[in-house]
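work37.cif follows (mmCIF, C-alpha atoms):
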```cif
data_final
#
loop_
_atom_site.label_atom_id
_atom_site.label_comp_id
_atom_site.auth_asym_id
_atom_site.auth_seq_id
_atom_site.Cartn_x
_atom_site.Cartn_y
_atom_site.Cartn_z
CA MET F 1 15.96 16.27 -12.19
CA ASN F 2 12.28 16.82 -12.90
CA MET F 3 10.87 14.18 -15.24
CA SER F 4 7.64 16.10 -15.73
CA ILE F 5 9.21 18.69 -18.03
CA TRP F 6 9.93 15.93 -20.59
CA ILE F 7 6.46 14.46 -20.87
CA ILE F 8 4.68 17.18 -22.84
CA PRO F 9 7.38 18.04 -25.43
CA LEU F 10 7.96 14.33 -26.12
CA MET F 11 4.25 13.70 -26.58
CA ILE F 12 3.89 16.63 -28.96
CA GLY F 13 6.85 15.44 -31.00
CA PHE F 14 5.54 11.90 -31.18
CA ILE F 15 2.00 12.90 -32.16
CA LEU F 16 3.25 15.20 -34.93
CA ALA F 17 5.73 12.63 -36.25
CA TYR F 18 3.10 9.89 -36.29
CA GLY F 19 0.49 12.17 -37.88
CA THR F 20 2.89 13.23 -40.61
CA TRP F 21 3.85 9.60 -41.27
CA LYS F 22 0.15 8.66 -41.59
CA ARG F 23 -0.34 11.59 -44.01
CA VAL F 24 -2.76 13.48 -41.79
CA PRO F 25 -2.98 17.17 -42.79
CA THR F 26 -1.52 18.10 -39.41
CA TYR F 27 -1.93 21.86 -39.42
CA GLU F 28 -5.51 21.87 -40.73
CA THR F 29 -6.49 19.11 -38.30
CA PHE F 30 -4.90 21.06 -35.47
CA VAL F 31 -6.94 24.16 -36.32
CA GLU F 32 -10.13 22.11 -36.53
CA GLY F 33 -9.56 20.64 -33.06
CA GLY F 34 -8.47 24.00 -31.72
CA LYS F 35 -11.84 25.50 -32.64
CA GLU F 36 -13.45 22.98 -30.33
CA GLY F 37 -11.11 24.11 -27.55
CA LEU F 38 -12.17 27.67 -28.20
CA SER F 39 -15.86 26.86 -27.84
CA ILE F 40 -15.24 24.90 -24.64
CA ALA F 41 -13.31 27.79 -23.07
CA VAL F 42 -16.02 30.26 -24.03
CA SER F 43 -18.83 28.03 -22.78
CA ILE F 44 -17.35 27.72 -19.27
CA VAL F 45 -17.21 31.52 -18.73
CA PRO F 46 -20.69 31.82 -17.14
CA TYR F 47 -20.07 28.80 -14.88
CA LEU F 48 -16.82 30.24 -13.62
CA VAL F 49 -18.18 33.76 -13.12
CA GLY F 50 -21.13 32.45 -11.11
CA MET F 51 -19.12 30.13 -8.94
CA MET F 52 -16.11 32.39 -8.38
CA VAL F 53 -18.26 35.32 -7.27
CA ALA F 54 -20.08 33.04 -4.81
CA ILE F 55 -16.79 31.78 -3.38
CA SER F 56 -15.34 35.31 -3.19
CA VAL F 57 -18.38 36.52 -1.26
CA PHE F 58 -18.23 33.51 1.06
CA ARG F 59 -14.57 34.14 1.76
CA ALA F 60 -14.66 37.95 2.01
CA SER F 61 -17.47 37.79 4.57
CA GLY F 62 -15.24 35.77 6.88
CA ALA F 63 -17.55 32.73 6.77
CA MET F 64 -14.87 30.60 5.10
CA ALA F 65 -12.37 31.36 7.87
CA PHE F 66 -15.01 30.55 10.49
CA LEU F 67 -15.85 27.22 8.86
CA SER F 68 -12.15 26.35 8.57
CA SER F 69 -11.54 27.16 12.22
CA LEU F 70 -14.35 24.76 13.20
CA LEU F 71 -12.92 21.91 11.13
CA LYS F 72 -9.27 22.62 11.83
CA VAL F 73 -8.66 20.39 14.84
CA PRO F 74 -10.32 17.14 13.69
CA LEU F 75 -8.94 17.40 10.14
CA GLU F 76 -5.39 18.30 11.03
CA ALA F 77 -5.38 15.36 13.40
CA ILE F 78 -5.67 13.09 10.33
CA GLY F 79 -3.29 15.21 8.22
CA VAL F 80 -5.77 17.13 6.02
CA PRO F 81 -4.99 20.86 5.59
CA THR F 82 -8.21 22.84 6.25
CA GLU F 83 -7.70 25.13 3.25
CA ILE F 84 -8.42 22.17 0.99
CA VAL F 85 -11.71 21.09 2.61
CA PRO F 86 -14.11 23.21 0.49
CA LEU F 87 -12.50 21.84 -2.68
CA ALA F 88 -12.67 18.23 -1.47
CA LEU F 89 -16.38 18.67 -0.71
CA VAL F 90 -17.29 20.25 -4.05
CA ARG F 91 -15.10 18.10 -6.35
CA PRO F 92 -17.55 15.16 -6.70
CA ILE F 93 -20.58 17.46 -7.08
CA SER F 94 -19.65 20.17 -9.57
CA GLY F 95 -16.78 20.20 -12.05
CA THR F 96 -16.90 23.89 -12.80
CA GLY F 97 -17.43 24.66 -9.11
CA ALA F 98 -14.30 22.69 -8.28
CA LEU F 99 -12.41 24.39 -11.09
CA ALA F 100 -13.38 27.77 -9.65
CA MET F 101 -12.26 26.69 -6.18
CA THR F 102 -8.95 25.35 -7.46
CA THR F 103 -8.38 28.65 -9.23
CA ASP F 104 -9.28 30.53 -6.07
CA ILE F 105 -6.89 28.45 -3.95
CA ILE F 106 -4.06 28.84 -6.48
CA SER F 107 -4.52 32.60 -6.69
CA THR F 108 -4.69 32.95 -2.89
CA TYR F 109 -1.88 30.64 -1.80
CA GLY F 110 0.21 30.64 -4.98
CA PRO F 111 0.60 27.78 -7.50
CA ASP F 112 3.89 26.60 -6.00
CA SER F 113 2.73 26.51 -2.38
CA PHE F 114 1.90 23.19 -0.73
CA ILE F 115 -1.82 23.99 -0.79
CA GLY F 116 -1.59 25.15 -4.41
CA ARG F 117 0.08 21.92 -5.49
CA LEU F 118 -2.39 19.85 -3.51
CA ALA F 119 -5.37 21.65 -5.07
CA SER F 120 -3.84 21.17 -8.55
CA THR F 121 -3.35 17.45 -7.98
CA MET F 122 -6.83 17.00 -6.54
CA GLN F 123 -8.50 18.86 -9.40
CA GLY F 124 -6.68 16.76 -11.99
CA SER F 125 -7.03 13.37 -10.40
CA THR F 126 -10.77 12.81 -10.02
CA ASP F 127 -13.79 13.69 -12.07
CA THR F 128 -17.21 14.98 -11.12
CA THR F 129 -18.99 11.81 -10.02
CA LEU F 130 -22.52 13.23 -9.92
CA TYR F 131 -22.14 14.81 -13.34
CA VAL F 132 -20.81 11.63 -14.92
CA ILE F 133 -23.60 9.52 -13.42
CA THR F 134 -26.27 12.01 -14.49
CA VAL F 135 -24.99 12.29 -18.05
CA TYR F 136 -24.25 8.61 -18.70
CA PHE F 137 -27.24 7.04 -17.00
CA GLY F 138 -29.53 9.88 -18.03
CA ALA F 139 -28.62 9.40 -21.69
CA ILE F 140 -29.62 5.74 -21.75
CA GLY F 141 -32.49 5.93 -19.25
CA ILE F 142 -31.16 3.88 -16.33
CA LYS F 143 -33.47 4.23 -13.34
CA ARG F 144 -32.06 1.73 -10.88
CA MET F 145 -28.37 2.63 -10.70
CA GLY F 146 -27.20 -0.08 -8.35
CA ASN F 147 -23.94 0.66 -6.58
CA ALA F 148 -22.83 3.33 -9.06
CA LEU F 149 -23.08 6.30 -6.70
CA LYS F 150 -21.45 4.51 -3.77
CA VAL F 151 -18.58 3.26 -5.94
CA GLY F 152 -18.04 6.69 -7.50
CA LEU F 153 -18.02 8.61 -4.23
CA LEU F 154 -15.79 6.10 -2.43
CA ALA F 155 -13.36 6.23 -5.35
CA ASP F 156 -13.32 10.02 -5.00
CA LEU F 157 -12.40 9.61 -1.35
CA VAL F 158 -9.54 7.28 -2.33
CA GLY F 159 -8.40 9.85 -4.91
CA ILE F 160 -8.43 12.71 -2.40
CA ALA F 161 -6.51 10.69 0.19
CA ALA F 162 -3.99 9.63 -2.47
CA ALA F 163 -3.55 13.24 -3.61
CA ILE F 164 -2.77 14.37 -0.05
CA LEU F 165 -0.39 11.44 0.42
CA PHE F 166 1.58 11.90 -2.81
CA VAL F 167 1.81 15.67 -2.60
CA THR F 168 3.10 15.33 0.96
CA ILE F 169 5.69 12.76 -0.12
CA VAL F 170 6.87 14.61 -3.25
CA PHE F 171 6.64 18.27 -2.19
CA GLY F 172 6.14 18.11 1.58
CA MET D 1 -27.40 19.96 -5.33
CA VAL D 2 -25.17 22.47 -7.11
CA ASN D 3 -27.99 25.01 -6.99
CA LEU D 4 -28.24 24.67 -3.22
CA ILE D 5 -24.49 24.98 -2.70
CA TRP D 6 -24.26 27.98 -5.00
CA ALA D 7 -27.11 29.93 -3.44
CA GLY D 8 -25.97 28.81 0.01
CA LEU D 9 -22.49 30.28 -0.49
CA PHE D 10 -24.04 33.66 -1.31
CA LEU D 11 -26.67 33.62 1.42
CA ILE D 12 -24.38 32.44 4.19
CA GLY D 13 -21.71 34.89 3.03
CA ILE D 14 -24.09 37.87 3.02
CA LEU D 15 -25.64 36.89 6.34
CA TYR D 16 -22.23 36.37 7.92
CA ALA D 17 -21.05 39.74 6.57
CA LEU D 18 -24.10 41.36 8.16
CA ILE D 19 -23.17 39.97 11.59
CA ASN D 20 -19.45 40.34 11.13
CA GLY D 21 -19.45 43.85 9.65
CA THR D 22 -17.56 42.82 6.52
CA MET D 23 -20.13 44.04 3.98
CA GLU D 24 -17.60 46.33 2.34
CA ASP D 25 -15.27 43.43 1.62
CA VAL D 26 -18.18 41.44 0.22
CA ASN D 27 -19.03 44.29 -2.14
CA LYS D 28 -15.50 44.36 -3.44
CA ALA D 29 -15.42 40.56 -3.71
CA ILE D 30 -18.45 40.51 -6.04
CA PHE D 31 -16.65 42.54 -8.67
CA THR D 32 -13.14 41.18 -8.29
CA GLY D 33 -14.54 37.64 -8.33
CA ALA D 34 -16.33 38.18 -11.63
CA GLU D 35 -13.31 39.88 -13.16
CA GLU D 36 -11.01 37.13 -12.08
CA ALA D 37 -13.27 34.42 -13.50
CA VAL D 38 -13.19 36.01 -16.95
CA ALA D 39 -9.41 36.41 -16.72
CA VAL D 40 -9.07 32.69 -15.90
CA CYS D 41 -11.11 31.70 -18.95
CA ILE D 42 -8.88 33.81 -21.17
CA GLY D 43 -5.90 32.06 -19.62
CA LEU D 44 -7.50 28.68 -20.36
CA LEU D 45 -8.08 29.54 -24.02
CA SER D 46 -4.45 29.13 -25.05
CA VAL D 47 -3.96 25.70 -23.55
CA LEU D 48 -7.36 24.29 -24.50
CA ILE D 49 -6.98 25.36 -28.11
CA PHE D 50 -3.47 24.01 -28.40
CA TRP D 51 -4.14 20.71 -26.67
CA LEU D 52 -7.44 19.85 -28.34
CA GLY D 53 -5.89 20.75 -31.68
CA LEU D 54 -3.01 18.40 -31.08
CA MET D 55 -5.27 15.64 -29.84
CA ARG D 56 -7.38 15.86 -32.98
CA ILE D 57 -4.22 14.94 -34.90
CA ALA D 58 -3.66 11.96 -32.60
CA GLN D 59 -7.23 10.86 -33.16
CA LYS D 60 -7.23 11.30 -36.94
CA SER D 61 -3.90 9.56 -37.43
CA GLY D 62 -5.26 6.50 -35.62
CA LEU D 63 -2.79 6.86 -32.76
CA LEU D 64 -5.51 6.72 -30.11
CA ASP D 65 -7.05 3.55 -31.62
CA LEU D 66 -3.62 1.97 -31.76
CA LEU D 67 -3.04 2.69 -28.09
CA GLY D 68 -6.55 1.40 -27.39
CA LYS D 69 -5.60 -2.01 -28.82
CA GLY D 70 -2.85 -2.27 -26.23
CA PHE D 71 -5.42 -1.85 -23.51
CA LYS D 72 -7.73 -4.55 -24.85
CA PRO D 73 -6.48 -7.33 -22.54
CA ILE D 74 -7.05 -5.06 -19.51
CA ALA D 75 -10.50 -4.06 -20.75
CA ARG D 76 -11.43 -7.75 -21.20
CA LYS D 77 -10.57 -8.44 -17.57
CA LEU D 78 -12.53 -5.41 -16.40
CA PHE D 79 -15.59 -6.22 -18.50
CA PRO D 80 -15.85 -10.03 -18.47
CA GLU D 81 -19.54 -10.02 -19.51
CA VAL D 82 -18.88 -8.08 -22.69
CA PRO D 83 -17.99 -10.32 -25.67
CA PRO D 84 -14.53 -9.18 -26.93
CA ASP D 85 -15.79 -8.42 -30.44
CA HIS D 86 -18.99 -6.71 -29.40
CA PRO D 87 -19.20 -3.04 -30.47
CA ALA D 88 -19.48 -2.08 -26.77
CA MET D 89 -15.83 -3.08 -26.29
CA GLY D 90 -14.68 -0.71 -29.06
CA TYR D 91 -16.55 2.20 -27.54
CA ILE D 92 -15.25 1.38 -24.06
CA LEU D 93 -11.67 1.45 -25.36
CA SER D 94 -12.19 4.74 -27.23
CA ASN D 95 -13.70 6.22 -24.09
CA MET D 96 -10.72 5.14 -21.98
CA MET D 97 -8.22 6.55 -24.47
CA ALA D 98 -10.00 9.88 -24.86
CA ASN D 99 -10.09 10.24 -21.07
CA MET D 100 -6.41 9.48 -20.73
CA PHE D 101 -5.45 12.22 -23.13
CA GLY D 102 -7.67 14.82 -21.57
CA LEU D 103 -10.28 14.79 -24.35
CA GLY D 104 -13.21 14.97 -21.96
CA ASN D 105 -15.59 16.15 -24.65
CA ALA D 106 -14.68 13.31 -26.98
CA ALA D 107 -14.82 10.80 -24.13
CA THR D 108 -18.41 11.57 -23.17
CA PRO D 109 -20.07 10.64 -26.49
CA MET D 110 -17.97 7.43 -26.65
CA GLY D 111 -18.98 6.59 -23.09
CA ILE D 112 -22.66 7.14 -23.85
CA LYS D 113 -22.37 4.95 -26.97
CA ALA D 114 -20.73 2.25 -24.85
CA MET D 115 -23.56 2.54 -22.29
CA GLU D 116 -26.17 2.12 -25.05
CA GLU D 117 -24.47 -1.06 -26.23
CA LEU D 118 -24.26 -2.34 -22.67
CA LYS D 119 -27.97 -1.70 -22.29
CA LYS D 120 -28.60 -3.81 -25.39
CA LEU D 121 -26.57 -6.60 -23.78
CA ASN D 122 -28.94 -6.31 -20.80
CA ASP D 123 -32.08 -6.71 -22.98
CA MET D 124 -32.83 -2.99 -22.67
CA LYS D 125 -33.80 -3.20 -18.99
CA ASP D 126 -33.60 0.00 -16.93
CA ASN D 127 -31.30 -1.27 -14.19
CA ALA D 128 -27.54 -0.68 -14.11
CA THR D 129 -25.49 -3.79 -14.88
CA ARG D 130 -22.12 -4.61 -13.43
CA SER D 131 -20.35 -3.53 -16.64
CA MET D 132 -22.17 -0.20 -16.57
CA VAL D 133 -21.08 0.45 -12.99
CA THR D 134 -17.50 -0.49 -13.91
CA LEU D 135 -17.49 1.89 -16.89
CA LEU D 136 -18.94 4.62 -14.72
CA ALA D 137 -16.31 4.04 -12.05
CA LEU D 138 -13.55 4.34 -14.67
CA ASN D 139 -14.99 7.65 -15.80
CA THR D 140 -15.56 9.19 -12.39
CA SER D 141 -12.02 8.42 -11.29
CA SER D 142 -10.78 10.05 -14.52
CA LEU D 143 -7.67 8.38 -15.93
CA THR D 144 -6.04 11.62 -17.06
CA LEU D 145 -2.40 11.63 -18.14
CA ILE D 146 -2.07 15.36 -18.76
CA PRO D 147 -4.25 17.60 -16.57
CA THR D 148 -4.38 20.39 -19.16
CA THR D 149 -6.76 22.78 -17.43
CA VAL D 150 -4.87 22.72 -14.16
CA ILE D 151 -1.57 23.36 -15.95
CA ALA D 152 -3.15 26.35 -17.69
CA ILE D 153 -4.34 27.83 -14.38
CA ARG D 154 -0.90 27.30 -12.81
CA MET D 155 0.70 29.06 -15.76
CA LYS D 156 -1.67 31.98 -15.43
CA TYR D 157 -0.71 32.50 -11.77
CA GLY D 158 2.99 32.46 -12.53
CA SER D 159 4.04 29.00 -11.39
CA VAL D 160 7.78 28.36 -11.71
CA SER D 161 7.00 24.85 -12.93
CA PRO D 162 3.36 24.51 -14.07
CA THR D 163 3.81 20.86 -15.06
CA GLU D 164 5.43 19.66 -11.83
CA ILE D 165 2.06 18.31 -10.61
CA ILE D 166 1.76 15.79 -13.49
CA GLY D 167 3.56 13.11 -11.52
CA THR D 168 1.46 13.41 -8.38
CA THR D 169 -1.72 13.70 -10.47
CA ILE D 170 -1.00 10.49 -12.36
CA ALA D 171 -0.17 8.68 -9.11
CA ALA D 172 -3.35 9.91 -7.42
CA THR D 173 -5.44 9.08 -10.51
CA ALA D 174 -4.00 5.58 -10.63
CA CYS D 175 -4.97 5.10 -6.98
CA SER D 176 -8.51 6.35 -7.44
CA THR D 177 -8.97 4.25 -10.60
CA ILE D 178 -7.63 1.09 -8.96
CA GLY D 179 -9.69 2.00 -5.89
CA ALA D 180 -12.80 2.37 -8.05
CA ILE D 181 -12.24 -1.03 -9.66
CA LEU D 182 -11.63 -2.76 -6.30
CA ILE D 183 -14.65 -1.07 -4.64
CA ASP D 184 -16.77 -2.00 -7.66
CA ARG D 185 -15.61 -5.63 -7.36
CA PHE D 186 -16.22 -5.62 -3.62
CA PHE D 187 -19.84 -4.47 -3.93
CA TYR D 188 -20.43 -6.87 -6.81
CA ARG D 189 -19.08 -9.87 -4.88
CA ARG D 190 -21.00 -8.90 -1.77
CA SER D 191 -24.30 -8.52 -3.60
CA LYS D 192 -23.70 -11.80 -5.46
CA GLY D 193 -22.86 -13.53 -2.16
CA GLY D 194 -26.04 -12.12 -0.64
CA GLY D 195 -28.00 -13.55 -3.56
CA SER D 196 -29.79 -10.26 -4.27
CA THR D 197 -28.08 -9.75 -7.67
#
```
What is this file in structure tokens?
Amino acid sequence: MNMSIWIIPLMIGFILAYGTWKRVPTYETFVEGGKEGLSIAVSIVPYLVGMMVAISVFRASGAMAFLSSLLKVPLEAIGVPTEIVPLALVRPISGTGALAMTTDIISTYGPDSFIGRLASTMQGSTDTTLYVITVYFGAIGIKRMGNALKVGLLADLVGIAAAILFVTIVFG
Amino acid sequence: MVNLIWAGLFLIGILYALINGTMEDVNKAIFTGAEEAVAVCIGLLSVLIFWLGLMRIAQKSGLLDLLGKGFKPIARKLFPEVPPDHPAMGYILSNMMANMFGLGNAATPMGIKAMEELKKLNDMKDNATRSMVTLLALNTSSLTLIPTTVIAIRMKYGSVSPTEIIGTTIAATACSTIGAILIDRFFYRRSKGGGST
């Protein structure tokens, strides 16, 4: 029995029931928020085109396979599938880059493959550390950022390890 | 950094194709890659529009604020230097809630507001305080409950169960968030012990 299929319908039901009870104009509010979703989706098109072409070129040339073959032995010794390495490296640096790589992995290996599930979990479970630090500290003019970068990157490492662990346990 | 990686992928790819004799595949990849990227964005449209629309209802009805109140005791423990009734606390809670429900774009302005208030608490100095690092750590580990974008991509590529990764995502997120908090504490204690603030 898969619990996951219950989460989204129950949440939708609850949000709509609560909104109606609080007399929120639900449909109009939905449309208003949906417009924001539209502009987000449109604004990421150039990011994705740029990054996905770069990854396609890198892969089609055979360079990706070469890099993977170099890293294969040491990484598999600690239980990391090589196909996931490019994603793990890009995730803390570029959000749209990671999104493009996740998409690439899912389209190549299939969403329901082990690698596909691992990429999905990894993409969803950490955020782009460098982006977050740049935006938040940039906005308020912090120059000495203390341990922020170290903490963020180490937390990413924990997240990646946890993703591999849980996906192996649940779907392995 | 992103610029270097991006250009590097192209340059290494083209150079490698030159040596490897795979230039024809590279040519094809340029066009299929671009086409695929646009197709993915169209696939994302449906889910982003639906989810952000729904979340706007949750926000307007006060549901997110209500949930935020439940997290106040946790937030107090995480941010001991912030007075509980200071405006910074309110922004921190809104930021946490927006993140949890996948409202990244709503979370960012709240997070920046919270940072501004934290800077006021630090007499407007330009160094990062412990609370700022904690807030940052919470945001970089991303406490997402529903990874909307990933679900949309899985749907587009014909997954039998696009949502099956919610469980593992929440578990991994919980680990990275708890990890972030513990690492943050560790560095803070160590620097305090060393006397170098």
- prompt: With only C-alpha atoms as the atoms that count, which of F:Phe58, F:Tyr47, F:Tyr109, F:Phe114 lies nearest to Val40 of chain D?
  reply: F:Tyr47
message: I'd like the contact shell of Ser56 of chain F - 9 Å cut-off, only C-alpha atoms, skipping same-chain residues fewer than 5 positions apart - returned as a list in words.
response: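 That gives Met51, Ser61 and Asp104 of chain F; Gly13, Val26, Ala29, Ile30, Thr32, Gly33 and Ala34 of chain D.
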query: Residues picked by the PyMOL selection byres ((chain D and resi 20-24) around 12) here, as a PyMOL selection string?
result: (chain F and resi 57-63+65-66) or (chain D and resi 12-19+25-31)
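Among the candidates F:Ser39, F:Thr26, F:Ser107, F:Ser68, the one nearest to Val80 of chain F when counting all atoms listed in the file is F:Ser68.
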message: Just want the 6 Å neighbourhood of Arg56 of chain D, counted on all atoms listed in the file, with same-chain residues fewer than 3 positions away dropped. Output as a PyMOL selection string.
response: (chain F and resi 33) or (chain D and resi 53+59)
message: Could you check the closest approach to Ala161 of chain F for each of F:Pro9, F:Pro74, F:Pro81, F:Pro111 and tell me which residue wins, using all atoms listed in the file?
response: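 Answer, going by the shortest atom-to-atom distance: F:Pro81.
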